[in-house]
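J.: First, the structure itself, so that you have it in front of you.
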Protein chains: 2
Amino acid sequence: MVVQERVNGRAASSRRHGLMTVVAREAGVSVPTVSKVVNKKPGVGPDTRERIEVLLSAHGFLRPEDARPQQVYVIFRDLAGPYTLEVARGVVDAASAVGIDCVTGTTSARPVGAWLDAAESAGAVGVILVISMLTESDQRRVMSGGVPVVLLDPLNEPDHRIPSIGVTNWRGARAAVEHLLALGHTRIGMVAGRPSSPAGAARLHGFRAALSEAGLPDDASLIKATDFDYSEGVRAACTLLSLPEPPTAIFAASDSQALGVLEAARREGFAVPGQLSVVSFDDTAVAATASPPLTAVRQPFEELGRVATRTLLDVAAGHQPTVTRMELATALTVRESTAPPAAS
Amino acid sequence: MVVQERVNGRAASSRRHGLMTVVAREAGVSVPTVSKVVNKKPGVGPDTRERIEVLLSAHGFLRPEDARPQQVYVIFRDLAGPYTLEVARGVVDAASAVGIDCVTGTTSARPVGAWLDAAESAGAVGVILVISMLTESDQRRVMSGGVPVVLLDPLNEPDHRIPSIGVTNWRGARAAVEHLLALGHTRIGMVAGRPSSPAGAARLHGFRAALSEAGLPDDASLIKATDFDYSEGVRAACTLLSLPEPPTAIFAASDSQALGVLEAARREGFAVPGQLSVVSFDDTAVAATASPPLTAVRQPFEELGRVATRTLLDVAAGHQPTVTRMELATALTVRESTAPPAAS
DNA sequence: CTGAAAGCGCTTACAG
DNA sequence: CTGAAAGCGCTTACAG
């Protein structure tokens, strides 16, 4: 092992002698003794060790493993979208709790494989991938094992051998609709995500399950599948509200879509919640500051980030997880966008 | 300089001989020749150099400076708030464009001074501080110069000797109000930030300047100073709208406050923009997905992050900036929350 | 351009 | 617990 000097030159004391040579002379000991202290080897008296350590730090010498804190990498598809920040907060929080720093990157800066290479050669603790698609070759690269990897809420089903963390989409969606049913709604529309994404499909099935358990018909005209975004939400909700017999409540598969539903209601002249109840899925910061504040199914994004980090640390410590897929529970937050249907 | 092996042991070929010794033997050259190649010194024929380089990388030997990409640190007060993500995106974007990675942290994990120490001893390129307060001792620590620092949009006036990047708050606010004046509004309220923050004060003065240039009176009852957040925005706007003669337009000093104004309008039964126009300041992602979408003064957060990063890189490269304070221009985005006042 | 020789800084094995 | 001695891997200075 090799001693490093501080990088910025400030403490670059005379290089005419070796760093240990200098300290050895000042401490009045031999170079081998200093060497043992630097490398934390036994065979040095506690007083001598103490004296040498003081001198070492006074000279700005650092043991390599102390020089840089350990790092985890969190890689997002891009730094956008309503929940990215909350996930990042969870990761940074859990990592910093154990003194680990967090490198944030995107797959637009480097492809997944290059991030894994970079993390590995930098000696990172591991990599958390918050991306919806993992190619075949990325999956192989991940499993080749150079560096520990955890997948966070991937929208496509990941390989079972890669640890991944997600959310109980089906149960969350069912709970949202059960809330509307309990309020007395019987004509409930859904602005759904694309059924090609497992998360979107799970939420749609949760919606259907709740209706079916309540003995309500499965009315395809009340379901609009769109992208998880605002403008698609506006368009889909406008269509639903223009129906001859519009729904009295709409369940949106994401906060962005739900904000679109609110905007559609405004345009079509539906008061929320007086004439239309709205339930959202995600419950990111925007849900609470919408007008009216949205009743929403909370995805525990921050907790997701924390759990992913702790799982990663666990794998990095050599504990192969016995369960590789974990889903955290959602919870319904009731705010002001839902109410019983108007008496008809 | 010392050669490093790949960290994860995969390429840890026999340690019975030195790394250079092995490569030297395989390349059929002497150890000194390999040493010159590793350290990029002259005095080696191009063919020999090439052959040795191939062998070096085949063995997974890396020059220390190639092993870890350079890093910048971006430190936020916390990972929350509407513009944090956009700033982070700008930093990551500008850094990754030149192959530099980005370590993200918060001052709750470590105080500012500890971050500077960590960045310095890790050999980071520099630190971008996105925090509103810098204590006296932090300022001294920053100026002691161990590692380059750039301040991003600090709400209190930073020391002139520390480079800082902000936004033209006064001009932006004035432009927002001029937009309302041009629509014909003459009774304009403001949900302002605390005047104790320079950004809040500048926006308030911009508001006043526009009114005064239009020859309108300075009516203190139309100005409510609050925190830059949603619930304060709701409360302040409710007060304004309950006035005997309520304003026909409100300028909010932040997106969060503006969302609160929309909610207050809903509660008090004011249609936006029919009976009340609303202009916001920030124009983060939430402004475009509000209902109705908000007319807003855009702070170029992502660009702020990019400029801060480039400034930092510049300082790190040894160019002392001649100008240490830079303010980026805002721009008004007109959406659907503003319209001429209802004919009275 | 190349390498034998000398040297340097650190580590290891061992004697006291 | 401590250090003299031997050794190792890399670098430097220089001869060819």
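Simple scheme: letters A, B, ... for chains in structure tokens order, numbers from 1 for residues in each chain, numbers from 1 for ligands in the order shown.
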Apply DSSP to the backbone of this structure and, from stretch 16-142 of chain B, keep only the residues in alpha helix (DSSP H); write these as number ranges by chain.

T.: B: 19-27, 31-38, 46-58, 64-67, 84-97, 112-121, 136-142

J.: Would you mind listing, as a list in words, all residues of chain A that have at least one atom within 7 Å of chain D, where only C-alpha atoms (C1' of nucleotides) are what counts?

T.: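 Selected residues: Ser30, Gly43, Val44 and Gly45 of chain A.
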
J.: Using only C-alpha atoms, select each residue of chain B with any atom at most 6 Å away from an atom of chain A, and give the selection as a VMD selection string.

T.: chain B and resid 7 67 to 68 79 89 96 102 to 104 109 121 to 123 263 291

J.: Now that the selection is made, can you save its residues with N, CA and C atoms as a PDB file, in the first residue's frame?

T.:
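This went into part_24.pdb:
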ATOM      1  N   VAL B   7      -9.651  -2.436  -8.975  1.00  0.00           N
ATOM      2  CA  VAL B   7      -9.933  -2.579  -7.562  1.00  0.00           C
ATOM      3  C   VAL B   7     -10.587  -3.888  -7.196  1.00  0.00           C
ATOM      4  N   ALA B  67      -8.208   6.260 -13.673  1.00  0.00           N
ATOM      5  CA  ALA B  67      -8.998   5.322 -12.895  1.00  0.00           C
ATOM      6  C   ALA B  67     -10.315   5.946 -12.451  1.00  0.00           C
ATOM      7  N   ARG B  68     -10.285   7.160 -12.007  1.00  0.00           N
ATOM      8  CA  ARG B  68     -11.501   7.832 -11.559  1.00  0.00           C
ATOM      9  C   ARG B  68     -11.700   9.058 -12.409  1.00  0.00           C
ATOM     10  N   LEU B  79     -32.581  18.193  -0.659  1.00  0.00           N
ATOM     11  CA  LEU B  79     -33.048  17.785  -1.978  1.00  0.00           C
ATOM     12  C   LEU B  79     -34.563  17.897  -1.996  1.00  0.00           C
ATOM     13  N   ARG B  89     -29.884  19.178 -12.904  1.00  0.00           N
ATOM     14  CA  ARG B  89     -29.801  18.741 -14.295  1.00  0.00           C
ATOM     15  C   ARG B  89     -28.785  19.578 -15.072  1.00  0.00           C
ATOM     16  N   SER B  96     -21.029  16.484 -17.426  1.00  0.00           N
ATOM     17  CA  SER B  96     -20.846  15.261 -18.200  1.00  0.00           C
ATOM     18  C   SER B  96     -20.411  15.585 -19.626  1.00  0.00           C
ATOM     19  N   CYS B 102     -20.568  13.932 -11.147  1.00  0.00           N
ATOM     20  CA  CYS B 102     -21.177  14.880 -10.235  1.00  0.00           C
ATOM     21  C   CYS B 102     -21.580  14.201  -8.932  1.00  0.00           C
ATOM     22  N   VAL B 103     -20.996  14.646  -7.839  1.00  0.00           N
ATOM     23  CA  VAL B 103     -21.363  14.135  -6.516  1.00  0.00           C
ATOM     24  C   VAL B 103     -22.403  15.080  -5.924  1.00  0.00           C
ATOM     25  N   THR B 104     -23.550  14.524  -5.535  1.00  0.00           N
ATOM     26  CA  THR B 104     -24.632  15.338  -4.999  1.00  0.00           C
ATOM     27  C   THR B 104     -24.738  15.143  -3.497  1.00  0.00           C
ATOM     28  N   ALA B 109     -26.393  16.352   5.546  1.00  0.00           N
ATOM     29  CA  ALA B 109     -25.488  15.209   5.689  1.00  0.00           C
ATOM     30  C   ALA B 109     -24.153  15.647   6.300  1.00  0.00           C
ATOM     31  N   SER B 121      -9.831  16.901  -0.249  1.00  0.00           N
ATOM     32  CA  SER B 121      -8.959  15.751  -0.053  1.00  0.00           C
ATOM     33  C   SER B 121      -9.242  14.671  -1.091  1.00  0.00           C
ATOM     34  N   ALA B 122     -10.439  14.708  -1.685  1.00  0.00           N
ATOM     35  CA  ALA B 122     -10.727  13.752  -2.747  1.00  0.00           C
ATOM     36  C   ALA B 122     -10.187  14.229  -4.090  1.00  0.00           C
ATOM     37  N   GLY B 123      -9.625  15.425  -4.101  1.00  0.00           N
ATOM     38  CA  GLY B 123      -9.091  15.933  -5.354  1.00  0.00           C
ATOM     39  C   GLY B 123     -10.159  16.353  -6.338  1.00  0.00           C
ATOM     40  N   GLU B 263     -55.368  28.165  -5.570  1.00  0.00           N
ATOM     41  CA  GLU B 263     -56.224  27.464  -4.613  1.00  0.00           C
ATOM     42  C   GLU B 263     -57.111  28.460  -3.852  1.00  0.00           C
ATOM     43  N   SER B 291     -53.652  24.455 -13.225  1.00  0.00           N
ATOM     44  CA  SER B 291     -54.944  24.592 -13.877  1.00  0.00           C
ATOM     45  C   SER B 291     -55.570  25.910 -13.444  1.00  0.00           C
TER      46      SER B 291
END

J.: Need to verify the contact set: A:Val167, 7 Å, only C-alpha atoms (C1' of nucleotides), exclusion of same-chain residues closer than 3 positions in sequence. Can you return it as a PyMOL selection string?

T.: chain A and resi 153+299+327-330

J.: Atom CA of B:Ser280 and atom CA of B:Ala253, how far apart in Å?

T.: 6.2 Å

J.: To one decimal in Å, tell me the separation between atom CA of A:Gln139 and atom CA of A:Leu312.

T.: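 Atom CA of A:Leu312 lies 16.6 Å from atom CA of A:Gln139.
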
J.: For a test of reading the model, state the distance in Å between atom CA of B:Pro244 and atom CA of B:Gly274, rounded to one decimal.

T.: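 About the pair atom CA of B:Pro244 and atom CA of B:Gly274: they are 18.7 Å apart.
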